[in-house]
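Asks: Just input.cif, nothing more (mmCIF, C-alpha atoms):
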data_run
loop_
_atom_site.label_atom_id
_atom_site.label_comp_id
_atom_site.auth_asym_id
_atom_site.auth_seq_id
_atom_site.Cartn_x
_atom_site.Cartn_y
_atom_site.Cartn_z
CA MET I 90 0.00 0.00 0.00
CA GLU I 91 3.05 2.25 0.16
CA CYS I 92 3.37 4.60 -2.79
CA VAL I 93 6.59 6.16 -3.93
CA PHE I 94 7.06 7.77 -7.32
CA GLY I 95 9.28 10.34 -8.96
CA MET I 96 10.35 12.02 -12.16
CA VAL I 97 13.03 14.20 -13.67
CA GLY I 98 12.19 17.67 -14.97
CA ASN I 99 14.08 20.62 -16.37
CA GLY I 100 17.01 21.04 -13.99
CA PHE I 101 15.33 19.25 -11.10
CA ALA I 102 14.07 15.89 -9.92
CA VAL I 103 10.99 15.33 -7.78
CA VAL I 104 10.21 12.39 -5.49
CA VAL I 105 6.82 11.81 -3.88
CA ALA I 106 6.02 9.35 -1.11
CA ASP I 107 2.97 8.53 0.94
CA THR I 108 3.32 9.24 4.64
CA SER I 109 1.41 6.44 6.31
CA ALA I 110 3.00 3.97 8.69
CA VAL I 111 0.82 0.86 8.78
CA ASN I 112 0.90 -2.42 10.70
CA SER I 113 -1.71 -4.90 9.36
CA ILE I 114 -4.97 -3.06 10.05
CA LEU I 115 -3.54 -0.35 12.30
CA VAL I 116 -2.30 3.01 11.05
CA HIS I 117 0.50 4.05 13.38
CA LYS I 118 0.81 7.56 11.97
CA SER I 119 -0.03 9.49 8.82
CA ASN I 120 2.93 11.84 8.76
CA GLU I 121 5.89 9.48 8.45
CA ASP I 122 8.56 11.07 6.25
CA LYS I 123 9.87 8.37 3.92
CA ILE I 124 12.04 10.58 1.76
CA MET I 125 15.46 10.88 3.36
CA ILE I 126 17.72 13.79 2.48
CA LEU I 127 21.14 12.17 2.04
CA ASP I 128 23.12 15.36 1.64
CA SER I 129 22.78 18.83 0.20
CA HIS I 130 21.82 17.58 -3.27
CA LYS I 131 20.45 14.06 -2.89
CA LEU I 132 17.12 12.55 -1.92
CA MET I 133 16.15 8.97 -1.30
CA GLY I 134 12.46 8.04 -1.38
CA THR I 135 11.93 4.59 0.13
CA SER I 136 9.22 2.00 0.66
CA GLY I 137 9.26 -1.36 2.39
CA GLU I 138 9.82 -2.83 5.85
CA HIS I 139 10.02 0.04 8.29
CA GLY I 140 12.97 -1.27 10.28
CA ASP I 141 15.00 -2.10 7.18
CA ARG I 142 14.06 1.21 5.58
CA VAL I 143 15.30 3.34 8.47
CA GLN I 144 18.39 1.23 9.10
CA PHE I 145 19.43 1.11 5.46
CA THR I 146 18.75 4.73 4.54
CA GLU I 147 20.54 6.06 7.63
CA TYR I 148 23.48 3.77 6.82
CA VAL I 149 23.69 5.17 3.29
CA GLN I 150 23.33 8.73 4.58
CA LYS I 151 26.21 8.36 7.03
CA ASN I 152 28.44 6.75 4.42
CA VAL I 153 27.73 9.60 2.03
CA ALA I 154 28.76 12.04 4.78
CA LEU I 155 31.91 10.03 5.55
CA TYR I 156 32.95 10.17 1.91
CA LEU I 157 32.60 13.94 1.99
CA PHE I 158 34.83 14.28 5.05
CA ARG I 159 37.42 11.86 3.74
CA ASN I 160 37.68 13.31 0.27
CA GLY I 161 36.62 16.93 0.54
CA ILE I 162 34.12 16.57 -2.31
CA PRO I 163 30.67 14.96 -2.27
CA LEU I 164 29.76 11.68 -3.95
CA THR I 165 28.00 12.02 -7.28
CA THR I 166 24.42 10.78 -7.55
CA ALA I 167 25.53 7.94 -9.80
CA ALA I 168 28.21 6.85 -7.35
CA THR I 169 25.76 6.98 -4.45
CA ALA I 170 23.24 4.94 -6.42
CA ASN I 171 25.83 2.32 -7.28
CA PHE I 172 27.01 2.17 -3.68
CA THR I 173 23.41 1.68 -2.53
CA ARG I 174 22.84 -1.07 -5.08
CA ASN I 175 26.04 -2.78 -4.08
CA GLU I 176 25.05 -2.82 -0.41
CA LEU I 177 21.67 -4.31 -1.28
CA ALA I 178 23.26 -6.88 -3.57
CA THR I 179 25.84 -7.94 -0.98
CA ALA I 180 23.18 -8.44 1.66
CA LEU I 181 20.76 -10.10 -0.74
CA ARG I 182 21.79 -13.71 -0.43
CA LYS I 183 22.49 -13.59 3.28
CA ASN I 184 20.33 -11.05 5.02
CA PRO I 185 18.30 -9.07 2.51
CA TYR I 186 16.95 -5.59 3.12
CA SER I 187 13.30 -5.27 2.10
CA VAL I 188 13.62 -1.72 0.83
CA ASN I 189 12.70 -0.18 -2.51
CA ILE I 190 14.46 3.07 -3.35
CA LEU I 191 14.06 5.96 -5.72
CA LEU I 192 17.25 7.99 -5.51
CA ALA I 193 17.16 11.50 -6.94
CA GLY I 194 20.07 13.88 -7.09
CA TYR I 195 21.50 16.94 -8.77
CA ASP I 196 25.13 17.12 -9.89
CA LYS I 197 26.67 20.30 -11.22
CA GLU I 198 28.22 18.58 -14.21
CA THR I 199 25.40 16.23 -15.19
CA GLY I 200 22.24 17.88 -13.90
CA PRO I 201 19.32 16.04 -12.29
CA SER I 202 19.05 12.25 -12.29
CA LEU I 203 16.76 9.55 -10.89
CA TYR I 204 17.64 5.96 -10.07
CA TYR I 205 15.35 2.98 -9.50
CA ILE I 206 16.81 0.47 -7.04
CA ASP I 207 14.55 -2.26 -5.79
CA TYR I 208 14.92 -4.72 -2.92
CA ILE I 209 16.69 -7.36 -5.00
CA ALA I 210 19.19 -4.79 -6.22
CA THR I 211 17.65 -4.11 -9.59
CA PHE I 212 19.30 -0.94 -10.83
CA HIS I 213 17.99 1.44 -13.50
CA LYS I 214 18.62 5.04 -14.35
CA ILE I 215 15.22 6.41 -15.30
CA GLU I 216 13.26 9.56 -16.12
CA LYS I 217 10.15 8.48 -14.23
CA GLY I 218 9.44 5.57 -11.93
CA ALA I 219 7.26 4.26 -9.13
CA PHE I 220 6.95 1.54 -6.48
CA GLY I 221 4.04 -0.15 -4.79
CA TYR I 222 0.39 -0.64 -5.70
CA GLY I 223 0.22 3.06 -6.42
CA SER I 224 2.65 2.49 -9.28
CA TYR I 225 -0.16 0.92 -11.35
CA PHE I 226 -1.84 4.28 -11.37
CA SER I 227 1.03 6.77 -11.17
CA LEU I 228 3.04 5.08 -13.93
CA SER I 229 0.06 5.10 -16.25
CA MET I 230 -0.58 8.73 -15.43
CA MET I 231 3.04 9.63 -16.05
CA ASP I 232 3.13 7.63 -19.28
CA ARG I 233 0.21 9.72 -20.49
CA HIS I 234 1.33 13.17 -19.38
CA TYR I 235 5.09 13.14 -18.83
CA HIS I 236 7.46 14.71 -21.31
CA SER I 237 11.13 15.43 -20.73
CA GLY I 238 12.13 18.93 -19.69
CA MET I 239 8.94 19.75 -17.75
CA SER I 240 8.93 22.86 -15.63
CA LEU I 241 8.42 22.60 -11.89
CA GLU I 242 4.81 23.75 -12.19
CA GLU I 243 4.06 21.15 -14.86
CA ALA I 244 5.76 18.42 -12.83
CA VAL I 245 3.92 19.26 -9.61
CA ASP I 246 0.69 19.34 -11.62
CA LEU I 247 1.44 15.84 -12.88
CA VAL I 248 2.31 14.75 -9.32
CA ASP I 249 -1.07 16.02 -8.16
CA LYS I 250 -2.79 14.14 -10.99
CA CYS I 251 -1.03 10.94 -9.87
CA ILE I 252 -1.99 11.51 -6.24
CA LEU I 253 -5.60 12.09 -7.26
CA GLU I 254 -5.62 8.89 -9.30
CA ILE I 255 -4.16 6.91 -6.38
CA ARG I 256 -6.70 8.39 -3.99
CA THR I 257 -9.64 7.62 -6.24
CA ARG I 258 -8.67 4.20 -7.53
CA LEU I 259 -6.54 2.42 -4.87
CA VAL I 260 -8.71 0.59 -2.34
CA VAL I 261 -6.73 1.45 0.80
CA ALA I 262 -5.17 4.60 -0.52
CA PRO I 263 -2.83 6.46 1.82
CA PRO I 264 -4.35 9.79 2.82
CA ASN I 265 -1.27 11.98 2.87
CA PHE I 266 1.77 12.51 0.65
CA VAL I 267 5.00 14.46 0.89
CA ILE I 268 6.74 15.99 -2.13
CA LYS I 269 10.46 16.72 -2.13
CA ILE I 270 12.56 18.20 -4.90
CA VAL I 271 16.25 18.51 -5.66
CA ASP I 272 17.75 21.07 -8.00
CA LYS I 273 20.83 23.26 -8.24
CA ASP I 274 19.81 25.00 -5.01
CA GLY I 275 19.72 21.78 -3.08
CA ALA I 276 17.41 19.08 -1.80
CA ARG I 277 14.37 20.24 0.11
CA GLU I 278 10.80 19.55 1.04
CA TYR I 279 8.45 21.12 -1.46
CA ALA I 280 4.97 20.45 -0.09
CA TRP I 281 2.62 18.06 1.68
CA ARG I 282 -0.67 16.90 0.23
CA GLU I 283 -2.83 16.04 3.21
CA SER I 284 -6.39 14.79 3.20
CA ILE I 285 -6.26 13.76 6.87
CA LYS I 286 -4.48 15.89 9.41
CA ASP I 287 -3.13 14.15 12.51
CA THR I 288 -5.16 15.89 15.19
CA GLY I 289 -3.25 16.97 18.27
CA VAL I 290 -4.33 15.93 21.78
CA SER I 291 -7.34 18.04 22.67
CA SER I 292 -6.90 19.92 25.93
CA ALA I 293 -9.27 19.01 28.73
CA MET X 86 68.47 1.68 30.18
CA ALA X 87 68.90 0.54 26.62
CA ARG X 88 67.29 -2.79 27.40
CA TYR X 89 64.01 -1.12 28.37
CA ASP X 90 63.35 0.95 25.31
CA ARG X 91 62.73 -1.77 22.74
CA ALA X 92 59.32 -3.18 23.44
CA ILE X 93 56.48 -0.84 24.15
CA THR X 94 54.99 -3.13 26.76
CA VAL X 95 58.01 -3.09 29.04
CA PHE X 96 58.35 -0.57 31.86
CA SER X 97 61.83 0.60 32.78
CA PRO X 98 62.85 0.22 36.44
CA ASP X 99 62.18 3.90 37.08
CA GLY X 100 58.69 3.72 35.66
CA HIS X 101 59.19 5.01 32.12
CA LEU X 102 57.71 3.70 28.93
CA PHE X 103 60.55 4.67 26.68
CA GLN X 104 58.77 4.08 23.38
CA VAL X 105 56.08 6.52 24.43
CA GLU X 106 58.68 9.09 25.38
CA TYR X 107 60.46 8.61 22.08
CA ALA X 108 57.12 9.13 20.36
CA LEU X 109 56.85 12.43 22.21
CA GLU X 110 60.29 13.27 20.80
CA ALA X 111 58.92 12.64 17.32
CA VAL X 112 56.18 15.13 18.11
CA ARG X 113 58.73 17.68 19.24
CA LYS X 114 60.34 17.43 15.85
CA GLY X 115 57.07 17.94 14.00
CA ASN X 116 55.62 21.18 12.65
CA ALA X 117 54.56 23.81 15.13
CA ALA X 118 50.83 23.86 15.72
CA VAL X 119 48.79 26.21 17.85
CA GLY X 120 45.18 26.37 18.96
CA VAL X 121 43.38 29.26 20.64
CA ARG X 122 39.86 29.21 22.03
CA GLY X 123 37.83 32.42 21.89
CA THR X 124 34.27 33.05 23.02
CA ASP X 125 32.75 32.57 19.57
CA THR X 126 35.73 31.57 17.46
CA ILE X 127 38.35 28.86 17.71
CA VAL X 128 41.54 29.17 15.69
CA LEU X 129 43.99 26.49 14.60
CA GLY X 130 47.33 27.43 13.13
CA VAL X 131 50.05 25.22 11.70
CA GLU X 132 53.53 25.93 10.45
CA LYS X 133 53.89 25.21 6.77
CA LYS X 134 57.33 24.05 5.74
CA SER X 135 58.37 25.80 2.57
CA ALA X 136 56.65 23.91 -0.21
CA ALA X 137 58.73 22.24 -2.85
CA LYS X 138 58.34 24.15 -6.11
CA LEU X 139 56.77 21.25 -7.97
CA GLN X 140 54.47 20.18 -5.16
CA ASP X 141 50.77 20.98 -5.32
CA SER X 142 50.39 22.60 -1.92
CA ARG X 143 46.62 22.13 -1.91
CA SER X 144 47.08 18.39 -1.47
CA VAL X 145 48.91 18.92 1.83
CA ARG X 146 46.16 19.92 4.21
CA LYS X 147 47.35 20.04 7.81
CA ILE X 148 44.10 21.19 9.40
CA VAL X 149 41.22 18.84 8.69
CA ASN X 150 37.64 18.53 9.76
CA LEU X 151 36.34 15.41 11.39
CA ASP X 152 32.70 16.46 11.23
CA ASN X 153 30.75 19.65 10.50
CA HIS X 154 31.54 21.04 13.92
CA ILE X 155 34.90 19.48 14.80
CA ALA X 156 38.37 20.15 13.39
CA LEU X 157 41.81 18.77 14.10
CA ALA X 158 45.40 19.87 13.66
CA CYS X 159 48.39 17.78 14.59
CA ALA X 160 52.13 17.73 15.01
CA GLY X 161 54.29 14.71 14.38
CA LEU X 162 54.16 11.78 11.96
CA LYS X 163 51.71 12.79 9.26
CA ALA X 164 51.20 9.23 8.06
CA ASP X 165 50.07 8.19 11.54
CA ALA X 166 47.78 11.23 11.48
CA ARG X 167 46.00 9.90 8.39
CA VAL X 168 45.13 6.67 10.17
CA LEU X 169 43.86 8.41 13.31
CA ILE X 170 41.89 10.99 11.36
CA ASN X 171 40.25 8.32 9.24
CA LYS X 172 39.22 6.33 12.32
CA ALA X 173 37.93 9.48 14.00
CA ARG X 174 35.86 10.44 10.96
CA ILE X 175 34.30 6.98 10.90
CA GLU X 176 33.55 7.25 14.62
CA CYS X 177 31.87 10.64 14.12
CA GLN X 178 29.48 9.14 11.57
CA SER X 179 29.03 5.92 13.51
CA HIS X 180 28.05 7.91 16.59
CA ARG X 181 25.51 9.87 14.54
CA LEU X 182 24.14 6.59 13.17
CA THR X 183 23.72 4.82 16.49
CA VAL X 184 22.54 7.64 18.75
CA GLU X 185 21.28 10.17 16.17
CA ASP X 186 23.42 12.87 17.78
CA PRO X 187 26.62 14.56 16.64
CA VAL X 188 29.65 13.83 18.80
CA THR X 189 30.74 16.28 21.44
CA VAL X 190 34.33 17.53 21.25
CA GLU X 191 35.13 15.70 24.47
CA TYR X 192 33.74 12.41 23.14
CA ILE X 193 35.82 12.37 20.00
CA THR X 194 38.90 13.54 21.90
CA ARG X 195 38.41 10.70 24.36
CA TYR X 196 38.04 8.32 21.43
CA ILE X 197 41.24 9.49 19.74
CA ALA X 198 43.14 9.48 23.02
CA GLY X 199 41.79 6.01 23.71
CA LEU X 200 43.11 4.81 20.35
CA GLN X 201 46.51 6.33 21.07
CA GLN X 202 46.60 4.64 24.47
CA LYS X 203 45.65 1.26 23.01
CA TYR X 204 48.78 1.33 20.94
CA THR X 205 50.91 1.86 24.06
CA GLN X 206 49.68 -1.37 25.60
CA SER X 207 49.73 -3.86 22.74
CA GLY X 208 52.37 -6.27 21.57
CA GLY X 209 54.09 -5.73 18.28
CA VAL X 210 52.86 -2.21 17.64
CA ARG X 211 54.35 1.21 18.20
CA PRO X 212 52.60 4.32 19.50
CA PHE X 213 51.19 6.93 17.14
CA GLY X 214 53.86 9.58 16.78
CA LEU X 215 51.62 12.60 16.96
CA SER X 216 49.86 15.01 19.28
CA THR X 217 46.57 16.44 18.17
CA LEU X 218 44.75 19.69 18.82
CA ILE X 219 41.02 19.12 18.55
CA VAL X 220 38.58 22.01 18.41
CA GLY X 221 34.87 22.34 18.04
CA PHE X 222 31.59 23.65 19.34
CA ASP X 223 29.28 21.55 21.45
CA PRO X 224 26.41 20.71 19.08
CA TYR X 225 23.71 21.66 21.56
CA THR X 226 25.12 24.24 23.97
CA GLY X 227 27.35 25.95 21.43
CA VAL X 228 30.22 26.12 23.92
CA PRO X 229 33.64 26.19 22.18
CA SER X 230 36.32 23.72 23.26
CA LEU X 231 39.97 23.03 22.57
CA TYR X 232 41.53 19.71 23.56
CA GLN X 233 44.97 18.22 23.18
CA THR X 234 45.98 14.56 23.01
CA ASP X 235 49.46 13.08 22.95
CA PRO X 236 51.10 9.73 22.12
CA SER X 237 50.64 8.44 25.64
CA GLY X 238 46.90 8.75 25.28
CA THR X 239 46.34 11.53 27.80
CA PHE X 240 44.08 14.39 26.92
CA SER X 241 42.96 17.61 28.52
CA ALA X 242 41.08 20.78 27.69
CA TRP X 243 42.90 24.05 27.13
CA LYS X 244 42.14 27.72 26.60
CA ALA X 245 45.13 27.90 24.28
CA ASN X 246 47.92 25.47 23.56
CA ALA X 247 50.75 24.68 21.21
CA THR X 248 52.48 21.48 20.17
CA GLY X 249 55.26 20.43 17.85
CA ARG X 250 58.46 22.37 17.31
CA ASN X 251 59.23 25.14 19.79
CA SER X 252 55.93 24.54 21.49
CA ASN X 253 57.41 25.69 24.79
CA SER X 254 58.14 29.17 23.45
CA MET X 255 54.68 29.39 21.93
CA ARG X 256 53.04 28.21 25.14
CA GLU X 257 55.03 30.74 27.15
CA PHE X 258 53.90 33.48 24.78
CA LEU X 259 50.30 32.34 25.10
CA GLU X 260 50.50 32.20 28.88
CA LYS X 261 51.79 35.76 28.95
CA ASN X 262 49.37 37.17 26.42
CA TYR X 263 46.21 35.11 26.67
CA LYS X 264 42.96 36.81 27.45
CA GLU X 265 39.36 36.07 26.54
CA THR X 266 38.97 37.17 22.95
CA SER X 267 36.50 36.82 20.15
CA GLY X 268 36.50 37.00 16.38
CA GLN X 269 39.46 38.72 14.80
CA GLU X 270 41.31 39.14 18.10
CA THR X 271 41.42 35.37 18.60
CA ILE X 272 42.84 34.91 15.10
CA LYS X 273 45.48 37.55 15.74
CA LEU X 274 46.50 35.94 19.02
CA ALA X 275 46.99 32.57 17.32
CA ILE X 276 49.03 34.08 14.51
CA ARG X 277 51.14 36.10 16.92
CA ALA X 278 51.94 32.95 18.85
CA LEU X 279 52.95 31.15 15.66
CA LEU X 280 55.04 34.08 14.48
CA GLU X 281 57.17 33.71 17.60
CA VAL X 282 58.68 30.56 16.14
CA VAL X 283 57.87 30.63 12.45
CA GLU X 284 59.20 32.82 9.69
CA SER X 285 56.76 35.60 9.00
CA GLY X 286 54.48 35.43 5.99
CA GLY X 287 51.35 33.83 4.61
CA LYS X 288 53.18 31.07 2.85
CA ASN X 289 54.69 29.70 6.05
CA ILE X 290 51.51 29.58 8.07
CA GLU X 291 48.27 27.71 7.58
CA ILE X 292 45.29 29.08 9.52
CA ALA X 293 41.78 27.73 9.88
CA VAL X 294 38.98 29.27 11.88
CA MET X 295 35.96 27.49 13.28
CA THR X 296 32.76 29.33 14.06
CA LYS X 297 29.42 27.97 15.10
CA GLU X 298 27.60 29.26 12.01
CA HIS X 299 30.11 28.54 9.29
CA GLY X 300 32.04 25.54 10.57
CA LEU X 301 35.66 25.33 9.55
CA ARG X 302 37.07 27.91 7.16
CA GLN X 303 40.59 27.68 5.77
CA PHE X 304 42.26 31.02 5.21
CA GLU X 305 43.79 32.01 1.89
CA GLU X 306 47.44 33.04 1.81
CA ALA X 307 46.46 36.62 1.02
CA GLU X 308 44.18 36.84 4.05
CA ILE X 309 46.93 35.57 6.33
CA ASP X 310 49.39 38.03 4.83
CA ALA X 311 46.98 40.86 5.56
CA ILE X 312 46.63 39.91 9.22
CA VAL X 313 50.38 39.38 9.57
CA ALA X 314 50.90 42.87 8.17
CA GLU X 315 48.42 44.22 10.74
CA ILE X 316 50.28 42.47 13.54
CA GLU X 317 53.64 43.78 12.40
CA ALA X 318 52.22 47.30 12.21
CA GLU X 319 50.87 46.97 15.75
CA LYS X 320 54.23 45.68 16.92
CA ALA X 321 56.03 48.58 15.27
CA ALA X 322 53.61 51.08 16.79
CA ALA X 323 54.13 49.52 20.24
CA GLU X 324 57.92 49.74 19.77
CA ALA X 325 57.68 53.38 18.74
CA ALA X 326 55.45 54.20 21.69
CA LYS X 327 57.94 52.55 24.05
CA LYS X 328 60.77 54.54 22.57
CA GLY X 329 58.73 57.73 22.71
CA THR X 330 57.90 57.69 26.44
CA PRO X 331 61.07 56.85 28.37
CA LYS X 332 61.93 60.52 29.00
CA GLU X 333 58.58 61.14 30.68
CA THR X 334 58.45 60.19 34.32
#
What is this structure when it is put down as structure tokens?
Replies:
Amino acid sequence: MECVFGMVGNGFAVVVADTSAVNSILVHKSNEDKIMILDSHKLMGTSGEHGDRVQFTEYVQKNVALYLFRNGIPLTTAATANFTRNELATALRKNPYSVNILLAGYDKETGPSLYYIDYIATFHKIEKGAFGYGSYFSLSMMDRHYHSGMSLEEAVDLVDKCILEIRTRLVVAPPNFVIKIVDKDGAREYAWRESIKDTGVSSA
Amino acid sequence: MARYDRAITVFSPDGHLFQVEYALEAVRKGNAAVGVRGTDTIVLGVEKKSAAKLQDSRSVRKIVNLDNHIALACAGLKADARVLINKARIECQSHRLTVEDPVTVEYITRYIAGLQQKYTQSGGVRPFGLSTLIVGFDPYTGVPSLYQTDPSGTFSAWKANATGRNSNSMREFLEKNYKETSGQETIKLAIRALLEVVESGGKNIEIAVMTKEHGLRQFEEAEIDAIVAEIEAEKAAAEAAKKGTPKET
């Protein structure tokens, strides 16, 4: 039921993830941030087992930081993606991580890029991609409306179309989504799309 | 005495670990390094031996950062420094991974000192031949700290300290002239201490300044030259003033 999707636009890449944390029939919370900011210009949207997701993404994040301190320059998006894939592949036949990843980044020399890395270490460099049941709807939507070199407004419009489709057509659709973008100015949260707000504790 | 200085794990009859003391000698032969703690600024300065003409001086960085808020300078065997620095950088990230908190300056100093001590109590290894000056701001309270470690594995906090060649003269200077400073004054104090033992000029000194907001910033040669010129002017003015007043009683 977890939905993660993303696409590359003109000088930026956008990753969208649902924000529900679910255990069988119980919703733990509806504002779980599943898009980790690895460093100033990299984002990693993830879906899968919660424990594995947090463990693995934090591990990648700290290794990206270590590289920066050791070498004085940051890892490229491609290098980060290959490192991530390698870690998944090494663990695969011993102790696999059940994590699907969409890695988006911006490099000065090569511009924005998006990588599809699934839990059995499938590795693709893509323009648009998605994971989960939501992918049936968001991929179709993107196939219809995506074109390369979209502006941010066009891309966010397409993202909203995908979210609408998921909300209408997926039986247990997640209520809330978070949108993060990465461009030459860095990786940052762009917006939330909430249909259910977590209510605070009402005062007596 | 000669029989007790081979193996690191052997005490001499009068309680010395000679290998550790010889390691301290190696430090005394290393480049001069100085650290000064101000209220909002911490400065590290290192003597730069005149660069070989064909060498790319940018590849010889003597002041490094271990994390966003921690920096280190050292005196002694630079190859040993690489090993320690690498381990410390890994520990900084490992700490962040396991407890979701950046290290405190004291924690990483204790870690580095612990590593140095381990190598004074193992068979078949020799101590690290370097002393380090570790500076940083506490990630939550913002308090600046300066620590020093040495090959024996001891560490302590300092307001200002020097290590390496002629460290005694620099420390004496610092003891005479230290006062609580901030910003530019802290930088000047560090450079003045270094100038006591190093030939004057931007190309013989490497300076890096750590502030809470901007982390570690390495100074360009031109910037250092400018401050050195300021210091020399102040010195000259002080000399002139001294010469001008003796007749007055």
Asks: Take the PyMOL selection byres ((chain I) within 12 of (chain X)), run it mentally on this structure, and tell me the resulting residues as a PyMOL selection string.
Replies: chain I and resi 143-161
Asks: Check which residues satisfy the PyMOL selection byres ((chain I and resi 174) around 12) in the file shown, then give them as a PyMOL selection string.
Replies: chain I and resi 145-146+149+167-173+175-181+185-186+188-192+204-214
Asks: With C-alpha atoms retained, export the selected residues as a tab-separated table (two decimals), in the frame of the given file.
Replies:
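part-v4.tsv, freshly written:
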chain	number	residue	atom	x	y	z
I	145	PHE	CA	19.43	1.11	5.46
I	146	THR	CA	18.75	4.73	4.54
I	149	VAL	CA	23.69	5.17	3.29
I	167	ALA	CA	25.53	7.94	-9.80
I	168	ALA	CA	28.21	6.85	-7.35
I	169	THR	CA	25.76	6.98	-4.45
I	170	ALA	CA	23.24	4.94	-6.42
I	171	ASN	CA	25.83	2.32	-7.28
I	172	PHE	CA	27.01	2.17	-3.68
I	173	THR	CA	23.41	1.68	-2.53
I	175	ASN	CA	26.04	-2.78	-4.08
I	176	GLU	CA	25.05	-2.82	-0.41
I	177	LEU	CA	21.67	-4.31	-1.28
I	178	ALA	CA	23.26	-6.88	-3.57
I	179	THR	CA	25.84	-7.94	-0.98
I	180	ALA	CA	23.18	-8.44	1.66
I	181	LEU	CA	20.76	-10.10	-0.74
I	185	PRO	CA	18.30	-9.07	2.51
I	186	TYR	CA	16.95	-5.59	3.12
I	188	VAL	CA	13.62	-1.72	0.83
I	189	ASN	CA	12.70	-0.18	-2.51
I	190	ILE	CA	14.46	3.07	-3.35
I	191	LEU	CA	14.06	5.96	-5.72
I	192	LEU	CA	17.25	7.99	-5.51
I	204	TYR	CA	17.64	5.96	-10.07
I	205	TYR	CA	15.35	2.98	-9.50
I	206	ILE	CA	16.81	0.47	-7.04
I	207	ASP	CA	14.55	-2.26	-5.79
I	208	TYR	CA	14.92	-4.72	-2.92
I	209	ILE	CA	16.69	-7.36	-5.00
I	210	ALA	CA	19.19	-4.79	-6.22
I	211	THR	CA	17.65	-4.11	-9.59
I	212	PHE	CA	19.30	-0.94	-10.83
I	213	HIS	CA	17.99	1.44	-13.50
I	214	LYS	CA	18.62	5.04	-14.35
Asks: How many Å lie between CA of Cys251 in chain I and CA of Ser237 in chain I, rounded to one decimal?
Replies: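 Between CA of Cys251 in chain I and CA of Ser237 in chain I the gap is 16.9 Å.
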Asks: Would you mind reading off the distance between CA of Gln202 in chain X and CA of Ser237 in chain X, one decimal, in Å?
Replies: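 According to the coordinates, CA of Gln202 in chain X and CA of Ser237 in chain X are separated by 5.7 Å.
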Asks: Expanded to explicit residues, what is the PyMOL selection byres ((chain I and resi 279-282) around 9) for this file, as a ChimeraX atom specification?
Replies: /I:103,249,252,264-270,277-278,283-284
Asks: Between X:Thr234, X:Pro224, X:Arg302, X:Leu162, which one has atoms that come closest to Tyr196 in chain X, using only C-alpha atoms?
Replies: X:Thr234
Asks: Hey, which of X:Glu284, X:Glu270, X:Glu265, X:Glu291 ends up closest to Lys133 in chain X? Count all atoms listed in the file.
Replies: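 Counting all atoms listed in the file, the residue closest to Lys133 in chain X is X:Glu291.
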Asks: Excluding same-chain residues fewer than 2 positions from Ile272 in chain X, what lies within 9 Å of it counting only C-alpha atoms, as a list in words?
Replies: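 The contact residues come out as Val121, Gly123, Thr126, Ile127, Val128, Leu129, Gly130, Ser267, Gly268, Gln269, Glu270, Leu274, Ala275, Ile276, Arg277, Ile292, Ala293, Val294 and Ile312 of chain X.
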Asks: Just how far from CA of Gln303 in chain X is CA of Arg143 in chain X, in Å to one decimal?
Replies: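 One can read the CA of Arg143 in chain X to CA of Gln303 in chain X distance as 11.2 Å.
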Asks: Considering only C-alpha atoms, state which residue in the set I:Ala193, I:Leu259, I:Val116, I:Ala244 is at the smallest distance from Tyr225 in chain I.
Replies: I:Leu259
Asks: Using only C-alpha atoms, find the one residue out of X:Asn262, X:Thr217, X:Thr205, X:Ser230 that sits nearest to Ile148 in chain X.
Replies: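 Of X:Asn262, X:Thr217, X:Thr205, X:Ser230, the one nearest Ile148 in chain X, counting only C-alpha atoms, is X:Thr217.
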